[in-house]
>>> print(open('run-v3.txt').read())   # compact mmCIF, N, CA, C and O atoms and all ligand atoms
# COMPACT_ATOMS: atom_id res chain seq x y z
N MET E 22 0.86 -1.20 0.00
CA MET E 22 0.00 0.00 0.00
C MET E 22 0.89 1.24 0.00
O MET E 22 1.87 1.32 0.74
N ALA E 23 0.55 2.21 -0.79
CA ALA E 23 1.37 3.41 -0.89
C ALA E 23 1.16 4.31 0.33
O ALA E 23 0.04 4.60 0.70
N GLU E 24 2.24 4.71 0.92
CA GLU E 24 2.16 5.62 2.07
C GLU E 24 2.29 7.05 1.56
O GLU E 24 3.24 7.37 0.84
N ASN E 25 1.33 7.89 1.93
CA ASN E 25 1.43 9.27 1.45
C ASN E 25 2.32 10.08 2.38
O ASN E 25 2.07 10.19 3.56
N ARG E 26 3.39 10.63 1.85
CA ARG E 26 4.37 11.37 2.65
C ARG E 26 4.04 12.85 2.76
O ARG E 26 4.81 13.61 3.33
N GLY E 27 2.95 13.27 2.15
CA GLY E 27 2.56 14.67 2.25
C GLY E 27 3.33 15.58 1.30
O GLY E 27 3.15 16.78 1.31
N ASN E 28 4.21 15.01 0.50
CA ASN E 28 4.96 15.84 -0.45
C ASN E 28 4.67 15.42 -1.89
O ASN E 28 5.41 15.73 -2.80
N GLY E 29 3.58 14.68 -2.05
CA GLY E 29 3.19 14.27 -3.40
C GLY E 29 3.90 13.01 -3.87
O GLY E 29 3.61 12.48 -4.91
N THR E 30 4.84 12.51 -3.06
CA THR E 30 5.56 11.29 -3.44
C THR E 30 5.13 10.15 -2.52
O THR E 30 5.25 10.27 -1.31
N LYS E 31 4.64 9.11 -3.09
CA LYS E 31 4.23 7.97 -2.27
C LYS E 31 5.42 7.04 -2.08
O LYS E 31 6.23 6.85 -2.97
N LEU E 32 5.50 6.47 -0.88
CA LEU E 32 6.62 5.59 -0.54
C LEU E 32 6.72 4.43 -1.54
O LEU E 32 7.80 4.09 -1.99
N ALA E 33 5.56 3.88 -1.91
CA ALA E 33 5.57 2.73 -2.83
C ALA E 33 6.22 3.11 -4.16
O ALA E 33 6.91 2.30 -4.76
N ASP E 34 6.00 4.35 -4.60
CA ASP E 34 6.58 4.76 -5.88
C ASP E 34 8.10 4.73 -5.78
O ASP E 34 8.78 4.31 -6.69
N ARG E 35 8.60 5.22 -4.63
CA ARG E 35 10.05 5.28 -4.49
C ARG E 35 10.65 3.87 -4.36
O ARG E 35 11.72 3.60 -4.88
N SER E 36 9.92 2.98 -3.66
CA SER E 36 10.43 1.60 -3.52
C SER E 36 10.51 0.96 -4.89
O SER E 36 11.48 0.30 -5.22
N GLU E 37 9.48 1.21 -5.69
CA GLU E 37 9.46 0.65 -7.05
C GLU E 37 10.70 1.11 -7.82
O GLU E 37 11.32 0.33 -8.52
N GLU E 38 11.02 2.38 -7.66
CA GLU E 38 12.18 2.92 -8.35
C GLU E 38 13.45 2.19 -7.92
O GLU E 38 14.28 1.86 -8.74
N ARG E 39 13.58 1.95 -6.60
CA ARG E 39 14.79 1.28 -6.10
C ARG E 39 14.88 -0.14 -6.62
O ARG E 39 15.97 -0.65 -6.84
N LEU E 40 13.72 -0.77 -6.81
CA LEU E 40 13.73 -2.19 -7.20
C LEU E 40 13.78 -2.38 -8.71
O LEU E 40 13.86 -3.50 -9.18
N ARG E 41 13.72 -1.26 -9.45
CA ARG E 41 13.71 -1.36 -10.90
C ARG E 41 14.91 -2.16 -11.41
O ARG E 41 16.04 -1.94 -10.98
N LYS E 42 14.63 -3.06 -12.35
CA LYS E 42 15.72 -3.87 -12.93
C LYS E 42 16.57 -2.98 -13.83
O LYS E 42 16.06 -2.06 -14.45
N PRO E 43 17.86 -3.25 -13.93
CA PRO E 43 18.68 -2.49 -14.88
C PRO E 43 18.35 -2.89 -16.32
O PRO E 43 17.59 -3.84 -16.54
N ASP E 44 18.93 -2.21 -17.27
CA ASP E 44 18.80 -2.53 -18.70
C ASP E 44 17.39 -2.39 -19.22
O ASP E 44 17.00 -3.08 -20.15
N ASN E 45 16.59 -1.54 -18.62
CA ASN E 45 15.23 -1.48 -19.12
C ASN E 45 14.80 -0.08 -19.55
O ASN E 45 13.67 0.30 -19.41
N TYR E 46 15.76 0.65 -20.09
CA TYR E 46 15.43 1.94 -20.68
C TYR E 46 15.97 1.97 -22.10
O TYR E 46 17.07 1.49 -22.35
N ARG E 47 15.15 2.50 -23.01
CA ARG E 47 15.67 2.59 -24.38
C ARG E 47 15.92 4.04 -24.73
O ARG E 47 15.17 4.93 -24.33
N VAL E 48 17.00 4.23 -25.49
CA VAL E 48 17.30 5.56 -26.01
C VAL E 48 16.74 5.60 -27.44
O VAL E 48 17.06 4.75 -28.26
N ILE E 49 15.87 6.58 -27.67
CA ILE E 49 15.21 6.75 -28.97
C ILE E 49 15.73 8.02 -29.62
O ILE E 49 15.68 9.10 -29.01
N LEU E 50 16.21 7.88 -30.83
CA LEU E 50 16.71 9.03 -31.58
C LEU E 50 15.57 9.61 -32.42
O LEU E 50 14.80 8.86 -33.01
N LEU E 51 15.47 10.94 -32.45
CA LEU E 51 14.38 11.60 -33.18
C LEU E 51 14.91 12.25 -34.46
O LEU E 51 16.01 12.83 -34.46
N ASN E 52 14.11 12.20 -35.50
CA ASN E 52 14.50 12.85 -36.76
C ASN E 52 14.28 14.36 -36.68
O ASN E 52 13.47 14.84 -35.86
N ASP E 53 15.01 15.10 -37.46
CA ASP E 53 14.72 16.52 -37.69
C ASP E 53 15.20 16.84 -39.10
O ASP E 53 15.80 16.00 -39.76
N ASP E 54 14.93 18.05 -39.55
CA ASP E 54 15.25 18.39 -40.94
C ASP E 54 16.61 19.05 -41.10
O ASP E 54 17.01 19.38 -42.22
N TYR E 55 17.32 19.30 -40.02
CA TYR E 55 18.53 20.14 -40.09
C TYR E 55 19.84 19.43 -39.77
O TYR E 55 20.89 19.79 -40.30
N THR E 56 19.80 18.47 -38.87
CA THR E 56 21.03 17.78 -38.51
C THR E 56 21.53 16.98 -39.71
O THR E 56 20.73 16.32 -40.39
N THR E 57 22.80 17.05 -39.99
CA THR E 57 23.31 16.33 -41.17
C THR E 57 23.37 14.82 -40.89
O THR E 57 23.55 14.39 -39.75
N MET E 58 23.23 14.07 -41.96
CA MET E 58 23.30 12.61 -41.84
C MET E 58 24.68 12.19 -41.30
O MET E 58 24.77 11.28 -40.47
N ASP E 59 25.71 12.85 -41.80
CA ASP E 59 27.07 12.51 -41.34
C ASP E 59 27.23 12.72 -39.84
O ASP E 59 27.88 11.91 -39.17
N PHE E 60 26.65 13.80 -39.32
CA PHE E 60 26.77 14.06 -37.89
C PHE E 60 26.05 12.97 -37.08
O PHE E 60 26.57 12.48 -36.08
N VAL E 61 24.86 12.57 -37.54
CA VAL E 61 24.11 11.53 -36.83
C VAL E 61 24.90 10.22 -36.83
O VAL E 61 25.02 9.55 -35.79
N VAL E 62 25.47 9.88 -37.97
CA VAL E 62 26.27 8.64 -38.05
C VAL E 62 27.46 8.75 -37.09
O VAL E 62 27.76 7.80 -36.34
N ALA E 63 28.12 9.91 -37.06
CA ALA E 63 29.28 10.08 -36.18
C ALA E 63 28.88 9.95 -34.71
O ALA E 63 29.61 9.35 -33.90
N ILE E 64 27.72 10.46 -34.36
CA ILE E 64 27.21 10.37 -32.98
C ILE E 64 26.95 8.90 -32.61
O ILE E 64 27.27 8.43 -31.53
N LEU E 65 26.35 8.18 -33.55
CA LEU E 65 26.02 6.78 -33.29
C LEU E 65 27.28 5.94 -33.09
O LEU E 65 27.30 5.00 -32.29
N ILE E 66 28.33 6.31 -33.80
CA ILE E 66 29.60 5.60 -33.66
C ILE E 66 30.29 6.00 -32.35
O ILE E 66 30.71 5.14 -31.56
N SER E 67 30.37 7.30 -32.07
CA SER E 67 31.18 7.74 -30.93
C SER E 67 30.48 7.57 -29.60
O SER E 67 31.11 7.22 -28.60
N ILE E 68 29.17 7.80 -29.55
CA ILE E 68 28.48 7.74 -28.24
C ILE E 68 27.83 6.37 -28.02
O ILE E 68 27.76 5.90 -26.89
N PHE E 69 27.39 5.73 -29.10
CA PHE E 69 26.67 4.46 -28.93
C PHE E 69 27.46 3.25 -29.41
O PHE E 69 26.94 2.14 -29.46
N GLN E 70 28.73 3.47 -29.78
CA GLN E 70 29.63 2.37 -30.16
C GLN E 70 29.08 1.49 -31.28
O GLN E 70 29.29 0.27 -31.31
N LYS E 71 28.35 2.10 -32.22
CA LYS E 71 27.89 1.33 -33.39
C LYS E 71 29.02 1.30 -34.42
O LYS E 71 29.85 2.22 -34.46
N ASN E 72 29.02 0.25 -35.26
CA ASN E 72 29.97 0.27 -36.37
C ASN E 72 29.38 1.09 -37.52
O ASN E 72 28.20 1.47 -37.48
N ASP E 73 30.19 1.36 -38.55
CA ASP E 73 29.76 2.24 -39.65
C ASP E 73 28.44 1.78 -40.27
O ASP E 73 27.54 2.59 -40.52
N GLU E 74 28.36 0.48 -40.51
CA GLU E 74 27.21 -0.08 -41.21
C GLU E 74 25.93 0.08 -40.38
O GLU E 74 24.88 0.50 -40.87
N GLU E 75 26.05 -0.27 -39.09
CA GLU E 75 24.88 -0.20 -38.22
C GLU E 75 24.47 1.26 -37.99
O GLU E 75 23.28 1.58 -37.95
N ALA E 76 25.47 2.12 -37.85
CA ALA E 76 25.17 3.55 -37.64
C ALA E 76 24.42 4.11 -38.84
O ALA E 76 23.43 4.85 -38.68
N SER E 77 24.84 3.76 -40.04
CA SER E 77 24.15 4.24 -41.26
C SER E 77 22.74 3.70 -41.33
O SER E 77 21.80 4.42 -41.70
N ARG E 78 22.59 2.44 -40.97
CA ARG E 78 21.26 1.81 -41.02
C ARG E 78 20.31 2.49 -40.04
O ARG E 78 19.17 2.84 -40.38
N ILE E 79 20.78 2.72 -38.82
CA ILE E 79 19.92 3.35 -37.80
C ILE E 79 19.58 4.79 -38.22
O ILE E 79 18.43 5.22 -38.13
N MET E 80 20.59 5.52 -38.71
CA MET E 80 20.36 6.91 -39.12
C MET E 80 19.28 6.97 -40.22
O MET E 80 18.34 7.78 -40.14
N LEU E 81 19.40 6.09 -41.24
CA LEU E 81 18.43 6.10 -42.34
C LEU E 81 17.04 5.70 -41.86
O LEU E 81 16.02 6.25 -42.30
N ASP E 82 17.00 4.75 -40.93
CA ASP E 82 15.73 4.30 -40.35
C ASP E 82 15.04 5.47 -39.64
O ASP E 82 13.84 5.70 -39.81
N VAL E 83 15.81 6.21 -38.84
CA VAL E 83 15.25 7.37 -38.12
C VAL E 83 14.82 8.44 -39.12
O VAL E 83 13.74 9.03 -39.00
N HIS E 84 15.65 8.67 -40.12
CA HIS E 84 15.34 9.66 -41.16
C HIS E 84 14.02 9.34 -41.85
O HIS E 84 13.20 10.22 -42.12
N GLN E 85 13.78 8.05 -42.12
CA GLN E 85 12.58 7.65 -42.86
C GLN E 85 11.34 7.50 -41.97
O GLN E 85 10.23 7.82 -42.37
N ARG E 86 11.54 7.03 -40.74
CA ARG E 86 10.39 6.72 -39.88
C ARG E 86 10.10 7.78 -38.82
O ARG E 86 9.08 7.71 -38.14
N GLY E 87 11.05 8.70 -38.62
CA GLY E 87 10.81 9.76 -37.63
C GLY E 87 11.46 9.53 -36.29
O GLY E 87 11.75 10.46 -35.57
N ARG E 88 11.66 8.28 -35.94
CA ARG E 88 12.32 7.94 -34.68
C ARG E 88 12.84 6.51 -34.77
O ARG E 88 12.38 5.74 -35.60
N GLY E 89 13.76 6.17 -33.89
CA GLY E 89 14.27 4.81 -33.91
C GLY E 89 15.08 4.52 -32.68
O GLY E 89 15.68 5.40 -32.07
N MET E 90 15.07 3.24 -32.29
CA MET E 90 15.78 2.84 -31.09
C MET E 90 17.27 2.69 -31.34
O MET E 90 17.67 2.07 -32.32
N VAL E 91 18.04 3.27 -30.44
CA VAL E 91 19.50 3.18 -30.58
C VAL E 91 20.05 2.09 -29.66
O VAL E 91 21.04 1.43 -29.99
N GLY E 92 19.44 1.90 -28.49
CA GLY E 92 19.91 0.85 -27.60
C GLY E 92 19.18 0.82 -26.28
O GLY E 92 18.41 1.72 -25.97
N PHE E 93 19.43 -0.27 -25.51
CA PHE E 93 18.89 -0.45 -24.15
C PHE E 93 20.01 -0.24 -23.15
O PHE E 93 21.09 -0.83 -23.32
N TYR E 94 19.75 0.52 -22.12
CA TYR E 94 20.78 0.76 -21.10
C TYR E 94 20.12 0.91 -19.74
O TYR E 94 18.94 1.27 -19.64
N PRO E 95 20.92 0.75 -18.67
CA PRO E 95 20.42 1.14 -17.34
C PRO E 95 20.13 2.64 -17.35
O PRO E 95 20.73 3.39 -18.14
N TRP E 96 19.28 3.06 -16.44
CA TRP E 96 18.79 4.44 -16.40
C TRP E 96 19.89 5.50 -16.49
O TRP E 96 19.83 6.40 -17.32
N ASP E 97 20.92 5.39 -15.65
CA ASP E 97 21.91 6.48 -15.59
C ASP E 97 22.75 6.52 -16.86
O ASP E 97 23.12 7.61 -17.33
N ILE E 98 23.01 5.38 -17.46
CA ILE E 98 23.80 5.36 -18.70
C ILE E 98 22.97 5.93 -19.85
O ILE E 98 23.46 6.73 -20.65
N ALA E 99 21.69 5.56 -19.90
CA ALA E 99 20.80 6.10 -20.93
C ALA E 99 20.73 7.62 -20.83
O ALA E 99 20.83 8.34 -21.83
N GLN E 100 20.59 8.12 -19.61
CA GLN E 100 20.52 9.58 -19.39
C GLN E 100 21.81 10.26 -19.82
O GLN E 100 21.78 11.31 -20.46
N THR E 101 22.94 9.66 -19.44
CA THR E 101 24.24 10.25 -19.78
C THR E 101 24.42 10.31 -21.29
O THR E 101 24.86 11.32 -21.84
N LYS E 102 24.06 9.23 -21.98
CA LYS E 102 24.21 9.20 -23.44
C LYS E 102 23.31 10.26 -24.09
O LYS E 102 23.73 10.97 -25.01
N ALA E 103 22.09 10.39 -23.59
CA ALA E 103 21.18 11.41 -24.14
C ALA E 103 21.79 12.81 -23.93
O ALA E 103 21.77 13.64 -24.85
N GLU E 104 22.35 13.05 -22.75
CA GLU E 104 22.97 14.36 -22.48
C GLU E 104 24.18 14.59 -23.40
O GLU E 104 24.39 15.70 -23.88
N GLN E 105 24.95 13.54 -23.64
CA GLN E 105 26.12 13.67 -24.53
C GLN E 105 25.68 14.02 -25.95
O GLN E 105 26.31 14.85 -26.62
N VAL E 106 24.59 13.38 -26.41
CA VAL E 106 24.06 13.68 -27.75
C VAL E 106 23.66 15.16 -27.82
O VAL E 106 24.03 15.88 -28.76
N HIS E 107 22.92 15.61 -26.82
CA HIS E 107 22.41 16.99 -26.85
C HIS E 107 23.55 18.00 -26.77
O HIS E 107 23.54 19.02 -27.47
N ALA E 108 24.55 17.71 -25.94
CA ALA E 108 25.69 18.63 -25.80
C ALA E 108 26.47 18.71 -27.12
O ALA E 108 26.83 19.80 -27.57
N ALA E 109 26.72 17.54 -27.74
CA ALA E 109 27.49 17.52 -28.99
C ALA E 109 26.71 18.24 -30.09
O ALA E 109 27.29 19.00 -30.89
N ALA E 110 25.39 18.01 -30.15
CA ALA E 110 24.56 18.66 -31.18
C ALA E 110 24.54 20.17 -30.96
O ALA E 110 24.69 20.93 -31.92
N GLU E 111 24.38 20.59 -29.72
CA GLU E 111 24.35 22.04 -29.43
C GLU E 111 25.66 22.70 -29.83
O GLU E 111 25.67 23.81 -30.36
N ARG E 112 26.78 22.01 -29.57
CA ARG E 112 28.09 22.57 -29.94
C ARG E 112 28.17 22.87 -31.44
O ARG E 112 28.84 23.80 -31.85
N LYS E 113 27.48 22.02 -32.24
CA LYS E 113 27.52 22.20 -33.70
C LYS E 113 26.32 22.99 -34.22
O LYS E 113 26.16 23.17 -35.42
N GLY E 114 25.43 23.38 -33.32
CA GLY E 114 24.24 24.14 -33.72
C GLY E 114 23.16 23.29 -34.37
O GLY E 114 22.31 23.81 -35.10
N PHE E 115 23.16 21.98 -34.10
CA PHE E 115 22.12 21.09 -34.64
C PHE E 115 21.03 20.86 -33.60
O PHE E 115 21.33 20.78 -32.40
N PRO E 116 19.79 20.67 -34.07
CA PRO E 116 18.69 20.46 -33.11
C PRO E 116 18.47 18.98 -32.73
O PRO E 116 17.42 18.64 -32.18
N LEU E 117 19.42 18.12 -33.04
CA LEU E 117 19.25 16.68 -32.80
C LEU E 117 18.84 16.39 -31.37
O LEU E 117 19.46 16.89 -30.42
N ARG E 118 17.79 15.57 -31.22
CA ARG E 118 17.31 15.19 -29.89
C ARG E 118 17.15 13.69 -29.78
O ARG E 118 16.84 13.01 -30.77
N CYS E 119 17.31 13.19 -28.57
CA CYS E 119 16.90 11.81 -28.31
C CYS E 119 16.15 11.79 -26.99
O CYS E 119 16.25 12.72 -26.19
N ILE E 120 15.37 10.75 -26.79
CA ILE E 120 14.60 10.64 -25.56
C ILE E 120 14.87 9.27 -24.93
O ILE E 120 15.28 8.33 -25.61
N VAL E 121 14.66 9.20 -23.62
CA VAL E 121 14.84 7.94 -22.88
C VAL E 121 13.46 7.47 -22.47
O VAL E 121 12.68 8.23 -21.89
N GLU E 122 13.15 6.21 -22.81
CA GLU E 122 11.83 5.66 -22.49
C GLU E 122 11.97 4.39 -21.67
O GLU E 122 12.88 3.60 -21.92
N ARG E 123 11.05 4.17 -20.78
CA ARG E 123 11.00 2.91 -20.04
C ARG E 123 10.73 1.79 -21.04
O ARG E 123 9.83 1.90 -21.86
N ALA E 124 11.54 0.74 -21.01
CA ALA E 124 11.36 -0.34 -22.00
C ALA E 124 10.18 -1.23 -21.62
O ALA E 124 9.75 -1.22 -20.47
N1 LIG M 201 16.68 14.15 -41.59
C1 LIG M 201 18.06 14.57 -41.55
C2 LIG M 201 18.48 15.09 -42.92
O1 LIG M 201 17.79 14.87 -43.89
C3 LIG M 201 19.01 13.45 -41.10
C4 LIG M 201 18.71 12.95 -39.72
C5 LIG M 201 18.63 11.58 -39.49
C6 LIG M 201 18.52 13.83 -38.68
C7 LIG M 201 18.38 11.08 -38.21
C8 LIG M 201 18.26 13.35 -37.38
O2 LIG M 201 18.00 11.51 -35.91
C9 LIG M 201 18.22 11.98 -37.17
N2 LIG M 201 19.62 15.77 -42.98
>>> encode(input="run-v3.txt", output="structure tokens")
Amino acid sequence: MAENRGNGTKLADRSEERLRKPDNYRVILLNDDYTTMDFVVAILISIFQKNDEEASRIMLDVHQRGRGMVGFYPWDIAQTKAEQVHAAAERKGFPLRCIVERA
């Protein structure tokens, strides 16, 4: 039973968070009209350790479908990778975004 702590956070919610299994978050890359294909491929290689072929395939998939899964990671790694993507894109002036979703 969830205990109400008076701050909007129920104890059960926090316990659930602590018990969450690792490897159950996916990083989803989003398409846009401005980021270059080469930059997306470079990001997939450098931040997500994809090889050239897989990086090109994922980039084209996202380009055509609007979004695509890049990988599954524990929560903190998924968040860090998303932040690295956003920081690298901002440095180059690209609007590239990715999101982290519960798998
Ligand atoms: N749509 C972009 C272009 O035509 C390429 C692109 C692919 C951008 C994947 C973002 O996540 C992305 N230059």
>>> residues_near_ligand(input="run-v3.txt", ligand="ligand LIG 201 (chain M)", cutoff="6 Å", atoms="only C-alpha atoms and all ligand atoms", output="list in words")
Leu50, Leu51, Asn52, Asp53, Asp54, Tyr55, Thr56, Thr57, Met58, Val61, Met80, Val83, His84 and Leu117 of chain E
>>> residues_near_point(input="run-v3.txt", point="(17.1, 10.5, -23.5)", cutoff="7 Å", atoms="only C-alpha atoms", output="list in words")
Val48, Ile49, Ala99, Gln100, Ala103, Cys119, Ile120 and Val121 of chain E
>>> atom_distance(input="run-v3.txt", atom1="CA of Phe115 (chain E)", atom2="CA of Phe60 (chain E)")
9.0 Å
>>> select_by_dssp(input="run-v3.txt", residues="region 45-105 of chain E", states="helix (DSSP H, G or I)", output="ChimeraX atom specification")
/E:58-67,73-86,96-105
>>> atom_distance(input="run-v3.txt", atom1="CA of Val62 (chain E)", atom2="CA of Pro95 (chain E)")
22.8 Å
>>> axis_aligned_box(input="run-v3.txt", around="region 77-85 of chain E", padding_each_side="8 Å", output="lines of an AutoDock Vina configuration file")
center_x = 17.5
center_y = 6.0
center_z = -40.3
size_x = 30.6
size_y = 24.4
size_z = 21.1
>>> decode(input="run-v3.txt", residues="region 29-111 of chain E", atoms="C-alpha atoms", output="PDB file, in the first residue's frame")
ATOM      1  CA  GLY E  29       3.194  14.271  -3.400  1.00  0.00           C
ATOM      2  CA  THR E  30       5.556  11.286  -3.443  1.00  0.00           C
ATOM      3  CA  LYS E  31       4.233   7.971  -2.274  1.00  0.00           C
ATOM      4  CA  LEU E  32       6.618   5.590  -0.542  1.00  0.00           C
ATOM      5  CA  ALA E  33       5.575   2.728  -2.828  1.00  0.00           C
ATOM      6  CA  ASP E  34       6.575   4.765  -5.881  1.00  0.00           C
ATOM      7  CA  ARG E  35      10.053   5.280  -4.494  1.00  0.00           C
ATOM      8  CA  SER E  36      10.428   1.604  -3.520  1.00  0.00           C
ATOM      9  CA  GLU E  37       9.461   0.647  -7.046  1.00  0.00           C
ATOM     10  CA  GLU E  38      12.177   2.923  -8.352  1.00  0.00           C
ATOM     11  CA  ARG E  39      14.787   1.282  -6.098  1.00  0.00           C
ATOM     12  CA  LEU E  40      13.727  -2.185  -7.203  1.00  0.00           C
ATOM     13  CA  ARG E  41      13.711  -1.364 -10.896  1.00  0.00           C
ATOM     14  CA  LYS E  42      15.717  -3.865 -12.928  1.00  0.00           C
ATOM     15  CA  PRO E  43      18.679  -2.488 -14.877  1.00  0.00           C
ATOM     16  CA  ASP E  44      18.803  -2.534 -18.699  1.00  0.00           C
ATOM     17  CA  ASN E  45      15.225  -1.479 -19.117  1.00  0.00           C
ATOM     18  CA  TYR E  46      15.434   1.945 -20.683  1.00  0.00           C
ATOM     19  CA  ARG E  47      15.665   2.591 -24.375  1.00  0.00           C
ATOM     20  CA  VAL E  48      17.299   5.563 -26.014  1.00  0.00           C
ATOM     21  CA  ILE E  49      15.212   6.745 -28.966  1.00  0.00           C
ATOM     22  CA  LEU E  50      16.714   9.035 -31.575  1.00  0.00           C
ATOM     23  CA  LEU E  51      14.380  11.602 -33.184  1.00  0.00           C
ATOM     24  CA  ASN E  52      14.502  12.849 -36.757  1.00  0.00           C
ATOM     25  CA  ASP E  53      14.718  16.520 -37.685  1.00  0.00           C
ATOM     26  CA  ASP E  54      15.253  18.391 -40.941  1.00  0.00           C
ATOM     27  CA  TYR E  55      18.531  20.142 -40.094  1.00  0.00           C
ATOM     28  CA  THR E  56      21.031  17.776 -38.509  1.00  0.00           C
ATOM     29  CA  THR E  57      23.308  16.327 -41.170  1.00  0.00           C
ATOM     30  CA  MET E  58      23.302  12.608 -41.838  1.00  0.00           C
ATOM     31  CA  ASP E  59      27.068  12.508 -41.342  1.00  0.00           C
ATOM     32  CA  PHE E  60      26.771  14.058 -37.889  1.00  0.00           C
ATOM     33  CA  VAL E  61      24.110  11.528 -36.827  1.00  0.00           C
ATOM     34  CA  VAL E  62      26.269   8.644 -38.046  1.00  0.00           C
ATOM     35  CA  ALA E  63      29.283  10.085 -36.180  1.00  0.00           C
ATOM     36  CA  ILE E  64      27.210  10.368 -32.975  1.00  0.00           C
ATOM     37  CA  LEU E  65      26.019   6.780 -33.286  1.00  0.00           C
ATOM     38  CA  ILE E  66      29.603   5.600 -33.657  1.00  0.00           C
ATOM     39  CA  SER E  67      31.185   7.739 -30.935  1.00  0.00           C
ATOM     40  CA  ILE E  68      28.479   7.742 -28.245  1.00  0.00           C
ATOM     41  CA  PHE E  69      26.671   4.462 -28.930  1.00  0.00           C
ATOM     42  CA  GLN E  70      29.629   2.373 -30.164  1.00  0.00           C
ATOM     43  CA  LYS E  71      27.888   1.334 -33.390  1.00  0.00           C
ATOM     44  CA  ASN E  72      29.974   0.274 -36.368  1.00  0.00           C
ATOM     45  CA  ASP E  73      29.757   2.240 -39.647  1.00  0.00           C
ATOM     46  CA  GLU E  74      27.205  -0.077 -41.212  1.00  0.00           C
ATOM     47  CA  GLU E  75      24.884  -0.197 -38.216  1.00  0.00           C
ATOM     48  CA  ALA E  76      25.173   3.549 -37.636  1.00  0.00           C
ATOM     49  CA  SER E  77      24.155   4.241 -41.259  1.00  0.00           C
ATOM     50  CA  ARG E  78      21.263   1.814 -41.020  1.00  0.00           C
ATOM     51  CA  ILE E  79      19.924   3.354 -37.798  1.00  0.00           C
ATOM     52  CA  MET E  80      20.360   6.913 -39.124  1.00  0.00           C
ATOM     53  CA  LEU E  81      18.428   6.097 -42.335  1.00  0.00           C
ATOM     54  CA  ASP E  82      15.732   4.301 -40.352  1.00  0.00           C
ATOM     55  CA  VAL E  83      15.253   7.366 -38.116  1.00  0.00           C
ATOM     56  CA  HIS E  84      15.345   9.665 -41.161  1.00  0.00           C
ATOM     57  CA  GLN E  85      12.581   7.645 -42.856  1.00  0.00           C
ATOM     58  CA  ARG E  86      10.388   6.721 -39.876  1.00  0.00           C
ATOM     59  CA  GLY E  87      10.807   9.759 -37.634  1.00  0.00           C
ATOM     60  CA  ARG E  88      12.322   7.941 -34.680  1.00  0.00           C
ATOM     61  CA  GLY E  89      14.265   4.807 -33.907  1.00  0.00           C
ATOM     62  CA  MET E  90      15.777   2.844 -31.091  1.00  0.00           C
ATOM     63  CA  VAL E  91      19.495   3.177 -30.576  1.00  0.00           C
ATOM     64  CA  GLY E  92      19.910   0.847 -27.605  1.00  0.00           C
ATOM     65  CA  PHE E  93      18.890  -0.450 -24.148  1.00  0.00           C
ATOM     66  CA  TYR E  94      20.782   0.760 -21.100  1.00  0.00           C
ATOM     67  CA  PRO E  95      20.422   1.139 -17.342  1.00  0.00           C
ATOM     68  CA  TRP E  96      18.791   4.444 -16.397  1.00  0.00           C
ATOM     69  CA  ASP E  97      21.910   6.478 -15.591  1.00  0.00           C
ATOM     70  CA  ILE E  98      23.800   5.357 -18.699  1.00  0.00           C
ATOM     71  CA  ALA E  99      20.802   6.099 -20.934  1.00  0.00           C
ATOM     72  CA  GLN E 100      20.515   9.576 -19.393  1.00  0.00           C
ATOM     73  CA  THR E 101      24.240  10.253 -19.782  1.00  0.00           C
ATOM     74  CA  LYS E 102      24.209   9.201 -23.438  1.00  0.00           C
ATOM     75  CA  ALA E 103      21.182  11.413 -24.138  1.00  0.00           C
ATOM     76  CA  GLU E 104      22.972  14.363 -22.480  1.00  0.00           C
ATOM     77  CA  GLN E 105      26.118  13.671 -24.526  1.00  0.00           C
ATOM     78  CA  VAL E 106      24.061  13.682 -27.750  1.00  0.00           C
ATOM     79  CA  HIS E 107      22.405  16.990 -26.848  1.00  0.00           C
ATOM     80  CA  ALA E 108      25.688  18.628 -25.804  1.00  0.00           C
ATOM     81  CA  ALA E 109      27.489  17.522 -28.994  1.00  0.00           C
ATOM     82  CA  ALA E 110      24.561  18.658 -31.176  1.00  0.00           C
ATOM     83  CA  GLU E 111      24.350  22.039 -29.430  1.00  0.00           C
TER      84      GLU E 111
END
